[in-house]
Each structure stands twice: as structure tokens, then as C-alpha cells.
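Participant: Would you mind keeping the following structure in view while I ask a few things?
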Amino acid sequence: MNIFTIDVPLCKDFGRTLKKMNKKVTFLEDPLNQSHLFKDSTDLLKSLFILPLHISKNSWQQTSLFALAESHEIPILFIYKRALGMETPLILPEKTFYEIMAVPADSVEVRIKLKSLKNISMQLFSAKMKGQELEKIHQKSARSLRIAKGIQLSGLPLSINKKDIEVKGLSQPSSELSGDLFYWKEVDDRLYGFIMIDVFGKGIHTALINMYIRTLMPDLIKRVKDPIFLTKELDKLMRDLFQGLNRENKNHAHITAFIAYVNTKDRLIEYVNYGLPSAILYSPCTNQILNLNEGATPCGLIPELPIRKIVFHYEPGSRFIIYTDGLSKTTIPSAIDRSDNIEREFIENVHLDTNDLLKELLVSRMKHSVINDDICIIAGTLF
């Protein structure tokens with residue numbers, strides 16, 4: 001080990017003992033200005049400081065070496081004169097390990113203390129290196145997640161602002177990545193397709209399923225143009241995706257969804273609710289509220305799905321919201337379903353523009369409890 005101490009009588013006497021044992025001792029004249037000796041990690045691993053147990057506050061050398069040991073977490077061997085007895089020291093380290101020994105001491109005791117501190121130093125160094133390596137892994141993972149989050153957000157559809165329809169969306173992941181998604185597209189002249197999906201569970205697999213489905217949506221929603229057929233396509237996609245997995249992993253092989261096509265020429269809506277909370281449509285002309293909650297069992301749970309499509313006409317000026325259950329369900333232990341509250345909040349704020357309406361719904365959920373599930377909301381107006 002590289003042993004360092006300062007030029008005071010007690011340490012000088014002990015230094016001579018160490019030299020007789022063929023131990024090299026370096027006396028530091030100005031510890032703080034010599035801190036460059038301990039910047040290399042291998043130097044820290046091999047270093048040991050010798051200090052009087054009763055550090056004098058008036059000795060800048062002693063206090064400087066003590067501070068250096070604390071800042072670099074270098075072990076300290078404190079020594080005191082055996083004849084005087086061990087009095088309570090004024091200060092002891094909080095960040096680094098230390099041993100205390102009375103001097104003079106025989107070589108066996110000295111070797112035991114030095115070996116103990118060397119072993120501890122190696123363990124501390126190993127723990128520090130592992131901590132630094134884990135921090136690097138964490139930073140790398142965090143950077144990758146930020147990039148993945150950016151890719152997910154870039155896949156969200158642009159708002160629609162036309163004479164016949166206005167649509168905006170909001171996505172609030174519970175963590176870096178989301179398992180919920182939404183998509184819309186004008187699939188024909190004044191015919192618009194909408195889909196919102198909530199992937200079962202939490203974790204990386206939900207984000208992967210999210211992106212897999214998202215890549216297929218532009219073609220699928222335009223090609224199929226029917227909520228029932230699109231529901232069956234999604235069911236087939238999920239079954240094919242999880243084919244070959246064991247039963248435990250297949251428990252994660254389902255999604256919930258809301259699929260709708262809006263014909264603004266004929267003011268006609270047809271939809272299937274595939275296990276999501278009830279979407280809401282409000283007609284200010286008639287003050288009528290429709291809960292759009294009929295359709296099918298969530299994908300992947302039952303092999304043969306009975307699917308029901310609902311078709312109806314809407315009044316001009318109707319406003320709507322579609323959302324995933326992260327908005328309506330709260331955390332355990334309360335585990336409250338806020339669906340009734342959401343309907344009330346929607347009606348109370350239906351006069352707001354769509355951006356403000358989305359924000360009000362999200363803020364209300366955030367005030368209720370910690371968000372532990374992804375949230376997606378679509379809101380719009382049908383003119």
C-alpha cells in the first residue's frame with residue numbers, strides 16, 4: 001500500500017516502525033495541494049492515511065489530510081499514545097472507513113491493522129467501480145428511453161382542423177414509454193377513421209406492441225373501413241404476434257380498443273368498443289349524452305369474439321371524447337373508477353376549446369392521485 005502521513009512527532013515515530021517492516025511512508029507537506037496524487041482510481045485503491053487520533057484544529061496539515069481522506073474515501077489508521085490512554089476524539093470520519101490503534105505496537109498488530117484496511121479499501125473500491133458502472137448503464141438506458149419516447153411521440157397523428165370536423169389528442173405515459181396509442185386518418189372524402197388502443201400490462205413489451213401496431217395503422221385503417229373487420233384484424237394480429245409463446249406470456253397477449261368511422265357527409269358514426277371505457281358524445285342541440293360502450297370482449301381473451309357494431313346519426317356541433325382507463329381508474333388502495341366523474345367534467349367543460357378541454361381532463365386526474373397507468377385522450381367536434 002501507499003502510506004501517507006504528515007510530519008508530526010507521533011506520525012514520525014510510527015513511520016519509523018513501518019520502515020522497519022519495509023513499508024514505504026510518504027510525508028505530505030501540503031495535503032490539499034498534493035491531492036493530484038490520488039486522482040487515479042488505482043492510486044485510491046492502494047492508498048492509506050496515518051493520522052493522530054486527536055486531531056488538532058490548529059494544525060492545518062492534520063485537518064487538510066483528514067478532509068482529503070473524506071473527499072476521496074481513503075481509509076485512515078488513527079494512532080494514539082498507549083501510555084496516555086484513549087480519550088474521546090473530537091472528530092471521526094463519516095464517509096470513509098478507519099481503524100484505531102495504540103502505539104507503540106508490535107509488528108503483528110500493525111500487520112493485522114494494515115491488512116484489514118487494505119481489504120476494506122479493495123471492497124470499497126470494488127463497490128465504487130460497480131456503482132459507477134451501474135450509473136453508466138442507467139445513463140445509457142435513460143438516453144435510449146428518451147430516444148424511444150421521441151419516436152413514439154413522433155408517431156402520434158397531427159390534429160385535424162376542417163370545416164366538418166376538429167380532432168386533437170393527448171398522450172400522457174406513466175413512465176418513459178407508453179403502451180397506449182391513438183391514430184386517426186381521413187380514409188376517403190369526408191370519411192374519417194379513428195382508433196385508440198390500450199395494451200395490457202406495463203413494461204417494454206407494451207411499448208413494442210404499441211409501435212408494432214402503430215406501423216400497421218395507416219394501411220389498416222384505410223384498407224378495412226369497417227369497425228368489425230378492423231376489430232377482427234387486430235385480434236388476428238395479436239394472436240399471430242404471441243403465437244409460440246408459453247401460457248404465462250400469453251396472459252399479456254390482449255388489448256382493448258375503440259374503433260370508429262365518422263362520415264361527415266351523412267353525419268353518421270359507426271363504432272365498436274373493444275373493452276375500453278365508454279367514449280362520450282354530447283349534442284348541445286338536444287342536450288343529449290351518448291355513452292359509446294358497446295362492441296366486443298377485449299382482444300385475445302376469447303377465441304371466437306361476438307362483435308357488435310353500433311351505427312347512429314349525430315347532430316351538428318356534437319362534441320366527443322375517447323380515452324383509455326388510465327384516465328378513469330386510480331391507484332390501489334382506493335382503486336376508484338372515475339368514469340362518472342369524467343362524464344360530468346366533460347359536460348362542465350364542453351364549452352372550452354379542444355386543447356383546454358384535454359388539459360382540464362388530465363389535470364383533474366392528476367389532482368386525484370398519482371398516475372400509474374398510461375393515459376390517452378382524443379377530443380373533438382363534429383360540425
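Going by the C-alpha cells order, chains are called A, B, ..., each with residues numbered from 1, while ligands are numbered from 1 in the order shown.
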Select from segment 112-274 of chain A everything DSSP, run on the backbone, classes as strand (DSSP E), then give the selection as number ranges by chain.
Facilitator: A: 160-161, 165-172, 180-188, 191-199, 255-263, 268-274
Participant: Report as a VMD selection string: the residues of segment 23-216 of chain A with a DSSP assignment of alpha helix (DSSP H), based on the backbone of this structure.
Facilitator: chain A and resid 41 to 46 60 to 72 107 to 154 204 to 216
Participant: Taking only C-alpha atoms into account, which of A:Ile213, A:Ile197, A:Asp373, A:Lys140 comes nearest Leu241 of chain A?
Facilitator: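 Closest to Leu241 of chain A of all the choices is A:Ile213.
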Participant: Which one of A:Leu134, A:Met211, A:Ile112, A:Leu358 sits closest to Ser154 of chain A if you count only C-alpha atoms?
Facilitator: A:Met211
Participant: Atom CA of Val167 of chain A and atom CA of Pro227 of chain A are how many Å apart?
Facilitator: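 Atom CA of Pro227 of chain A lies 18.9 Å from atom CA of Val167 of chain A.
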Participant: With only C-alpha atoms as the counted atoms, please give the residues lying no more than 10 Å from Asp266 of chain A, apart from itself and same-chain residues fewer than 2 positions off, as a list in words.
Facilitator: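 Non-adjacent residues within range: Arg190, Leu191, Val262, Asn263, Thr264, Leu268, Ile269, His313 and Tyr314 of chain A.
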Participant: If you measure from atom CA of Lys136 of chain A to atom CA of Ala207 of chain A, what distance in Å do you get, rounded to one decimal?
Facilitator: 23.4 Å
Participant: Which distance in Å separates atom CA of Val363 of chain A and atom CA of Leu153 of chain A, to one decimal?
Facilitator: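 Distance between the two atoms: 20.0 Å.
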Participant: Could I get the residues of segment 198-241 of chain A with an atom no further than 10 Å from an atom of segment 172-179 of chain A, each paired with its nearest atom pair and that distance in Å to one decimal, using only C-alpha atoms, sorted by chain and residue number, as CSV?
Facilitator:
```
residue,atom,partner,partner_atom,distance
A:Asp198,CA,A:Gly179,CA,6.2
A:Val199,CA,A:Gly179,CA,5.2
A:Phe200,CA,A:Gly179,CA,7.7
A:Gly201,CA,A:Gly179,CA,8.0
A:Lys202,CA,A:Gly179,CA,7.2
A:Gly203,CA,A:Gly179,CA,8.0
A:Ile204,CA,A:Leu177,CA,7.5
A:His205,CA,A:Gly179,CA,8.2
A:Thr206,CA,A:Gly179,CA,4.5
A:Ala207,CA,A:Gly179,CA,4.8
A:Leu208,CA,A:Gly179,CA,8.0
A:Ile209,CA,A:Gly179,CA,7.3
A:Asn210,CA,A:Gly179,CA,5.5
A:Met211,CA,A:Gly179,CA,8.7
```
Participant: Need the shell around Ala83 of chain A: protein/DNA/RNA residues with any atom at most 12 Å away, counting only C-alpha atoms. Skip same-chain ones fewer than 3 positions apart. Format as a compact mmCIF listing (two decimals) with C-alpha atoms, in the first residue's frame?
Facilitator:
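Contents of the output file part.txt:
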```
# COMPACT_ATOMS: atom_id res chain seq x y z
CA TYR A 80 -2.62 7.48 19.77
CA MET A 86 -7.64 6.59 24.56
CA GLU A 87 -9.65 9.76 25.05
CA ALA A 102 -2.49 2.45 20.20
CA VAL A 103 1.27 2.95 19.64
CA PRO A 104 3.85 1.78 20.08
CA ALA A 105 2.51 -1.53 18.74
```
